[in-house]
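These notes concern the structure reproduced below.
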Amino acid sequence: MKTKLRFFLPLFIVAICAGIAYLLIKNKPEQERHKSDTKTLAVEAIRIERQNYQIVLKSRGVVKPRTETTLVSEISGRIIKISDNFMEGEFFNEGEALVQIDDRTYKAEVKIANSELMSSRSAFEQERVNVTNFETQIISAESTLERAILAYKEEVARGKQALNDWERLHPDRRPDELVLRRPQLATAKAAVAAAEALLEQSQRNAELGPYQVAAAKAKVEAAEASLEKRKLDLERTKIIAPFTGIVLTKNVDTGQYISQNTPLANIYAVDYVEIRLPLSNQQLGYINLPEHHRNTGNTPVSSFPSVILTSSLGLNVYKWNGKLIRSEGTFDPASRQLFVIAKVDNPYDRSKYDRPPLKIGQFVEAEIDGIIARDVIVVPGTSVRTGNEVLVIIENNKLQRRTVKSFWSDEENVIISEGISEGEILCITPLNFAIDGITVSATIKGNSMKNGGQ
């Protein structure tokens with residue numbers, strides 16, 4: 001009995017399982033069949049219109065000062081005082097005394113030069129008086145000479161008269177020297193010679209007078225120049241700021257002895273900064289450069305292209321407005337690009353904008369206003385596919401792939417020159433796969449487009 005049970009029990013279980021499986025298969029639920037709906041592809045579109053478009057050129061550069069110089073001492077001496085603004089990173093004003101050198105020696109030299117000038121002026125005035133005296137002396141000497149000649153002639157006449165009287169009274173005797181008045185005649189002759197010598201000396205002095213006056217005047221001018229130099233050296237004891245700026249590096253301090261031509265500090269101006277921006281040949285075709293020509297007036301700065309400079313500091317982005325003020329005269333031989341110079345006024349002024357200063361050496365991105373392209377077709381850059389293809393929606397809302405040509409593009413837009421016309425409908429939704437003739441459902445500015453692009 002047990003043997004039969006072990007034999008038939010497995011067969012019984014298998015039969016039960018087979019029956020259950022049959023019932024499940026026979027009574028399985030039927031799958032509902034749904035009719036597939038054919039849906040059109042929904043896209044965004046725009047209607048092509050001609051417009052004027054401001055072309056913006058992108059470049060980048062580094063901020064540089066408009067003027068950077070080294071303050072140098074023109075005299076020697078010990079520094080006795082420095083300005084509170086004579087520190088690295090501090091601002092100073094034009095005309096401010098940044099460094100004071102001990103001036104006592106230079107003040108004494110000014111007094112000595114003043115004394116020398118007064119002495120030379122006195123000598124000059126004396127020489128001018130002498131010239132007048134020489135003229136008077138000539139007149140006096142001429143008068144003296146005339147009197148001496150007259151006295152000499154009188155003595156000659158008296159001698160002849162004495163000889164005649166003697167021969168008449170004493171015909172047999174020879175007259176002596178006293179009778180003939182020979183001593184008086186010699187004295188009169190000597191007086192004539194002395195008067196001639198005095199006149200000659202007076203004339204010689206008068207001839208030399210102008211040269212002596214000129215020499216005395218030259219000494220006065222030399223003394224004036226010496227005094228001017230001493231005064232200038234005294235002024236140079238104060239190192240004056242040549243412009244409004246900021247101290248980059250300071251090389252000296254109070255108590256230090258400096259000699260002539262000692263570098264005191266490196267400074268640069270802060271009234272405006274310049275940024276040197278490279279432009280390619282292609283970019284140069286879309287900008288009116290601020291170029292200067294010989295024999296022509298300068299172009300007003302207001303007509304120069306505007307520039308927006310951008311710099312990121314941490315998570316913040318700051319902008320500064322500037323102008324292109326000039327272009328360099330030659331292309332860079334390495335990059336074959338032309339550099340233009342942008343100017344930003346008052347880069348350290350925070351009165352108008354709450355932003356950090358535009359610092360020297362800072363890297364900036366530049367957006368330069370180029371020409372205005374007039375009456376052109378402008379499309380979003382995302383609507384132009386690889387291979388310069390666009391998708392145009394034609395009659396019956398069908399897509400058509402079309403190849404276009406462009407002459408300008410930036411990060412957002414493309415200016416089309418050929419391949420699409422005003423009034424056509426352009427698909428601006430990016431499609432990875434687009435087949436010619438596929439039907440789409442287009443929306444223009446939130447409104448559904450009707451058949452045929454209506």
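By order in the structure tokens, chains are A, B, ...; within a chain, residues start at 1; ligands start at 1, following the order shown.
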
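Every protein or nucleic acid residue with an atom no more than 7 Å from Ile287 (chain A), counting only C-alpha atoms and leaving out same-chain residues fewer than 2 positions away, appears here: Leu284, Gly285, Leu289, Gly370 and Ile371 of chain A.
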
Requested write-out: C-alpha atoms of the selected residues, as a PDB file, in the first residue's frame:
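Writing the result to out.pdb gives the following:
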ATOM      1  CA  LEU A 284      39.126  96.045 -38.097  1.00  0.00           C
ATOM      2  CA  GLY A 285      36.615  95.916 -40.955  1.00  0.00           C
ATOM      3  CA  LEU A 289      39.207 103.639 -35.721  1.00  0.00           C
ATOM      4  CA  GLY A 370      31.812  98.768 -33.916  1.00  0.00           C
ATOM      5  CA  ILE A 371      29.853 100.029 -36.880  1.00  0.00           C
TER       6      ILE A 371
END

- Quick one: pick out all strand (DSSP E or B) residues within region 229-437 of chain A from a backbone DSSP run and write them as a count of residues only. 99

- Message: Can you tell me which residues surround region 134-151 of chain A at a distance of at most 7 Å, considering only C-alpha atoms, apart from same-chain residues fewer than 6 positions away, and format the answer as a list in words?
- Response: Ala188, Ala191, Val192, Ala195, Glu196, Leu198, Leu199, Ser202, Gln203, Asn205 and Ala206 of chain A

Taking C-alpha atoms for each residue, export the selection above as a short mmCIF file (atom, residue, chain, number, x, y, z; two decimals), in the first residue's frame.
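The result, written out as part03.cif:
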data_model
loop_
_atom_site.label_atom_id
_atom_site.label_comp_id
_atom_site.auth_asym_id
_atom_site.auth_seq_id
_atom_site.Cartn_x
_atom_site.Cartn_y
_atom_site.Cartn_z
CA ALA A 188 105.26 175.69 -22.51
CA ALA A 191 102.78 171.57 -21.09
CA VAL A 192 101.60 170.97 -24.68
CA ALA A 195 98.09 167.99 -22.52
CA GLU A 196 98.37 165.80 -25.65
CA LEU A 198 96.24 163.47 -21.22
CA LEU A 199 93.92 163.77 -24.22
CA SER A 202 91.22 160.09 -22.04
CA GLN A 203 90.35 158.99 -25.58
CA ASN A 205 89.79 155.23 -21.71
CA ALA A 206 86.66 156.32 -23.57
#

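Interatomic distance, CA of Asn413 (chain A) against CA of Ile393 (chain A): 19.6 Å.
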
Between region 316-385 of chain A and region 406-409 of chain A, at 12 Å or less, what are the per-residue closest atom pairs and their distances in Å? Count only C-alpha atoms, order by chain and rising residue number, and return it as JSON lines.
{"residue": "A:Gly370", "atom": "CA", "partner": "A:Trp408", "partner_atom": "CA", "distance": 11.6}
{"residue": "A:Ile371", "atom": "CA", "partner": "A:Trp408", "partner_atom": "CA", "distance": 11.6}
{"residue": "A:Ile372", "atom": "CA", "partner": "A:Trp408", "partner_atom": "CA", "distance": 11.8}
{"residue": "A:Ala373", "atom": "CA", "partner": "A:Trp408", "partner_atom": "CA", "distance": 9.7}
{"residue": "A:Val376", "atom": "CA", "partner": "A:Phe407", "partner_atom": "CA", "distance": 10.4}
{"residue": "A:Ile377", "atom": "CA", "partner": "A:Ser406", "partner_atom": "CA", "distance": 9.5}
{"residue": "A:Val378", "atom": "CA", "partner": "A:Ser409", "partner_atom": "CA", "distance": 9.2}
{"residue": "A:Val379", "atom": "CA", "partner": "A:Ser409", "partner_atom": "CA", "distance": 9.5}
{"residue": "A:Pro380", "atom": "CA", "partner": "A:Ser409", "partner_atom": "CA", "distance": 9.5}
{"residue": "A:Gly381", "atom": "CA", "partner": "A:Ser409", "partner_atom": "CA", "distance": 7.5}
{"residue": "A:Thr382", "atom": "CA", "partner": "A:Ser409", "partner_atom": "CA", "distance": 11.2}
{"residue": "A:Val384", "atom": "CA", "partner": "A:Ser406", "partner_atom": "CA", "distance": 10.0}

- Message: If we count only C-alpha atoms and set the cut-off at 12 Å, which residues sit around Gln126 (chain A), ignoring sequence neighbours fewer than 3 positions away in its own chain? Please answer as a ChimeraX atom specification.
- Response: /A:119-123,129-133,209,212-213,216-217

Residues from last step as file, N, CA and C atoms, as a PDB file, in the first residue's frame:
ATOM      1  N   SER A 119      77.236 143.216  -5.381  1.00  0.00           N
ATOM      2  CA  SER A 119      78.588 143.720  -5.653  1.00  0.00           C
ATOM      3  C   SER A 119      78.800 143.918  -7.147  1.00  0.00           C
ATOM      4  N   SER A 120      78.360 142.969  -7.949  1.00  0.00           N
ATOM      5  CA  SER A 120      78.539 143.088  -9.396  1.00  0.00           C
ATOM      6  C   SER A 120      77.697 144.217  -9.965  1.00  0.00           C
ATOM      7  N   ARG A 121      76.520 144.428  -9.414  1.00  0.00           N
ATOM      8  CA  ARG A 121      75.698 145.548  -9.871  1.00  0.00           C
ATOM      9  C   ARG A 121      76.351 146.880  -9.529  1.00  0.00           C
ATOM     10  N   SER A 122      76.970 146.966  -8.341  1.00  0.00           N
ATOM     11  CA  SER A 122      77.668 148.196  -7.947  1.00  0.00           C
ATOM     12  C   SER A 122      78.830 148.477  -8.895  1.00  0.00           C
ATOM     13  N   ALA A 123      79.608 147.428  -9.235  1.00  0.00           N
ATOM     14  CA  ALA A 123      80.724 147.604 -10.163  1.00  0.00           C
ATOM     15  C   ALA A 123      80.236 148.019 -11.541  1.00  0.00           C
ATOM     16  N   VAL A 129      79.314 155.096 -14.756  1.00  0.00           N
ATOM     17  CA  VAL A 129      79.707 156.442 -14.345  1.00  0.00           C
ATOM     18  C   VAL A 129      81.046 156.813 -14.958  1.00  0.00           C
ATOM     19  N   ASN A 130      81.969 155.826 -14.992  1.00  0.00           N
ATOM     20  CA  ASN A 130      83.293 156.079 -15.553  1.00  0.00           C
ATOM     21  C   ASN A 130      83.211 156.474 -17.025  1.00  0.00           C
ATOM     22  N   VAL A 131      82.303 155.832 -17.753  1.00  0.00           N
ATOM     23  CA  VAL A 131      82.149 156.166 -19.168  1.00  0.00           C
ATOM     24  C   VAL A 131      81.751 157.629 -19.317  1.00  0.00           C
ATOM     25  N   THR A 132      80.844 158.092 -18.479  1.00  0.00           N
ATOM     26  CA  THR A 132      80.448 159.507 -18.511  1.00  0.00           C
ATOM     27  C   THR A 132      81.618 160.409 -18.140  1.00  0.00           C
ATOM     28  N   ASN A 133      82.406 159.976 -17.136  1.00  0.00           N
ATOM     29  CA  ASN A 133      83.578 160.761 -16.724  1.00  0.00           C
ATOM     30  C   ASN A 133      84.613 160.829 -17.837  1.00  0.00           C
ATOM     31  N   GLY A 209      85.865 152.084 -22.417  1.00  0.00           N
ATOM     32  CA  GLY A 209      84.725 152.174 -21.516  1.00  0.00           C
ATOM     33  C   GLY A 209      83.585 151.232 -21.858  1.00  0.00           C
ATOM     34  N   GLN A 212      84.448 147.726 -20.900  1.00  0.00           N
ATOM     35  CA  GLN A 212      84.440 147.539 -19.450  1.00  0.00           C
ATOM     36  C   GLN A 212      83.013 147.497 -18.910  1.00  0.00           C
ATOM     37  N   VAL A 213      82.137 148.313 -19.509  1.00  0.00           N
ATOM     38  CA  VAL A 213      80.734 148.278 -19.109  1.00  0.00           C
ATOM     39  C   VAL A 213      80.118 146.924 -19.465  1.00  0.00           C
ATOM     40  N   ALA A 216      81.342 144.344 -17.064  1.00  0.00           N
ATOM     41  CA  ALA A 216      80.666 144.479 -15.777  1.00  0.00           C
ATOM     42  C   ALA A 216      79.230 143.969 -15.859  1.00  0.00           C
ATOM     43  N   LYS A 217      78.568 144.221 -17.017  1.00  0.00           N
ATOM     44  CA  LYS A 217      77.202 143.736 -17.198  1.00  0.00           C
ATOM     45  C   LYS A 217      77.168 142.206 -17.260  1.00  0.00           C
TER      46      LYS A 217
END

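The residue that comes closest to Glu109 (chain A), out of A:Ser417, A:Ser226, A:Gln161, A:Ser280 and on the basis of only C-alpha atoms, is A:Ser226.
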
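The two atoms in question, CA of Ile267 (chain A) and CA of Glu235 (chain A), are spaced 20.6 Å apart.
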
- Query: Running DSSP on the backbone, which parts of region 65-195 of chain A land in alpha helix (DSSP H), as a ChimeraX atom specification?
  - Reply: /A:104-169,182-195

Please produce an output containing C-alpha atoms for each residue in the selection, written as a short mmCIF file (atom, residue, chain, number, x, y, z; two decimals), in the first residue's frame.
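So the final result, stored in part_8.cif, reads:
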data_model
loop_
_atom_site.label_atom_id
_atom_site.label_comp_id
_atom_site.auth_asym_id
_atom_site.auth_seq_id
_atom_site.Cartn_x
_atom_site.Cartn_y
_atom_site.Cartn_z
CA ARG A 104 69.85 125.35 5.55
CA THR A 105 72.92 125.06 3.30
CA TYR A 106 70.92 126.12 0.26
CA LYS A 107 69.48 129.15 2.08
CA ALA A 108 73.05 130.27 2.94
CA GLU A 109 74.10 129.86 -0.69
CA VAL A 110 71.20 132.07 -1.75
CA LYS A 111 72.42 134.81 0.62
CA ILE A 112 75.98 134.55 -0.77
CA ALA A 113 74.68 134.73 -4.33
CA ASN A 114 72.60 137.78 -3.38
CA SER A 115 75.71 139.50 -2.01
CA GLU A 116 77.70 138.71 -5.16
CA LEU A 117 74.90 140.08 -7.29
CA MET A 118 74.79 143.34 -5.33
CA SER A 119 78.59 143.72 -5.65
CA SER A 120 78.54 143.09 -9.40
CA ARG A 121 75.70 145.55 -9.87
CA SER A 122 77.67 148.20 -7.95
CA ALA A 123 80.72 147.60 -10.16
CA PHE A 124 78.53 147.82 -13.23
CA GLU A 125 77.07 151.17 -12.15
CA GLN A 126 80.61 152.45 -11.44
CA GLU A 127 81.71 151.51 -14.93
CA ARG A 128 78.74 153.35 -16.39
CA VAL A 129 79.71 156.44 -14.35
CA ASN A 130 83.29 156.08 -15.55
CA VAL A 131 82.15 156.17 -19.17
CA THR A 132 80.45 159.51 -18.51
CA ASN A 133 83.58 160.76 -16.72
CA PHE A 134 85.75 159.72 -19.66
CA GLU A 135 83.69 161.93 -21.96
CA THR A 136 84.08 164.84 -19.55
CA GLN A 137 87.81 164.16 -19.26
CA ILE A 138 88.17 164.30 -23.06
CA ILE A 139 86.49 167.71 -23.18
CA SER A 140 88.72 168.97 -20.33
CA ALA A 141 91.87 167.56 -21.95
CA GLU A 142 91.04 169.17 -25.28
CA SER A 143 90.57 172.53 -23.50
CA THR A 144 93.84 172.10 -21.62
CA LEU A 145 95.64 171.26 -24.85
CA GLU A 146 94.28 174.36 -26.55
CA ARG A 147 95.46 176.55 -23.66
CA ALA A 148 98.89 174.89 -23.65
CA ILE A 149 99.29 175.38 -27.41
CA LEU A 150 98.27 179.04 -27.06
CA ALA A 151 100.77 179.52 -24.20
CA TYR A 152 103.46 177.84 -26.25
CA LYS A 153 102.81 180.15 -29.22
CA GLU A 154 102.90 183.16 -26.91
CA GLU A 155 106.25 182.06 -25.55
CA VAL A 156 107.62 181.62 -29.10
CA ALA A 157 106.47 185.16 -29.95
CA ARG A 158 108.00 186.59 -26.75
CA GLY A 159 111.30 184.85 -27.50
CA LYS A 160 111.42 186.38 -30.99
CA GLN A 161 110.58 189.82 -29.57
CA ALA A 162 113.29 189.47 -26.93
CA LEU A 163 115.86 188.53 -29.59
CA ASN A 164 114.92 191.55 -31.71
CA ASP A 165 115.18 193.89 -28.71
CA TRP A 166 118.53 192.43 -27.72
CA GLU A 167 120.01 192.74 -31.22
CA ARG A 168 118.78 196.30 -31.43
CA LEU A 169 120.26 197.28 -28.06
CA ARG A 182 114.29 179.44 -23.65
CA PRO A 183 113.30 177.94 -20.21
CA GLN A 184 109.78 179.41 -20.50
CA LEU A 185 109.49 178.04 -24.04
CA ALA A 186 110.56 174.56 -22.89
CA THR A 187 108.02 174.67 -20.09
CA ALA A 188 105.26 175.69 -22.51
CA LYS A 189 106.28 172.91 -24.91
CA ALA A 190 106.25 170.37 -22.09
CA ALA A 191 102.78 171.57 -21.09
CA VAL A 192 101.60 170.97 -24.68
CA ALA A 193 103.04 167.43 -24.65
CA ALA A 194 101.43 166.71 -21.28
CA ALA A 195 98.09 167.99 -22.52
#

What are the closest atom pairs, with distances in Å to one decimal, for all residues of region 273-374 of chain A lying within 12 Å of region 76-93 of chain A? Consider only C-alpha atoms, order rows by chain and residue number, and present the result as JSON lines.
{"residue": "A:Tyr348", "atom": "CA", "partner": "A:Phe91", "partner_atom": "CA", "distance": 9.9}
{"residue": "A:Asp349", "atom": "CA", "partner": "A:Phe91", "partner_atom": "CA", "distance": 11.7}
{"residue": "A:Lys359", "atom": "CA", "partner": "A:Gly89", "partner_atom": "CA", "distance": 10.9}
{"residue": "A:Ile360", "atom": "CA", "partner": "A:Gly89", "partner_atom": "CA", "distance": 11.3}

May I have the residues from that selection written out with C-alpha atoms, as a PDB file, in the first residue's frame?
ATOM      1  CA  TYR A 348      39.701 105.292  -8.577  1.00  0.00           C
ATOM      2  CA  ASP A 349      36.604 107.475  -8.169  1.00  0.00           C
ATOM      3  CA  LYS A 359      43.731  98.942 -10.680  1.00  0.00           C
ATOM      4  CA  ILE A 360      46.964  98.937 -12.596  1.00  0.00           C
TER       5      ILE A 360
END

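We find CA of Glu68 (chain A) and CA of Ala269 (chain A) to be spaced 6.6 Å apart.
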
- Task: For region 432-439 of chain A, work out the shell of residues within 12 Å, counting only C-alpha atoms and skipping chain neighbours fewer than 2 positions away, then give it as a PyMOL selection string.
- Result: chain A and resi 38-43+382-386+389-402+427+429-430+441-442+451-452
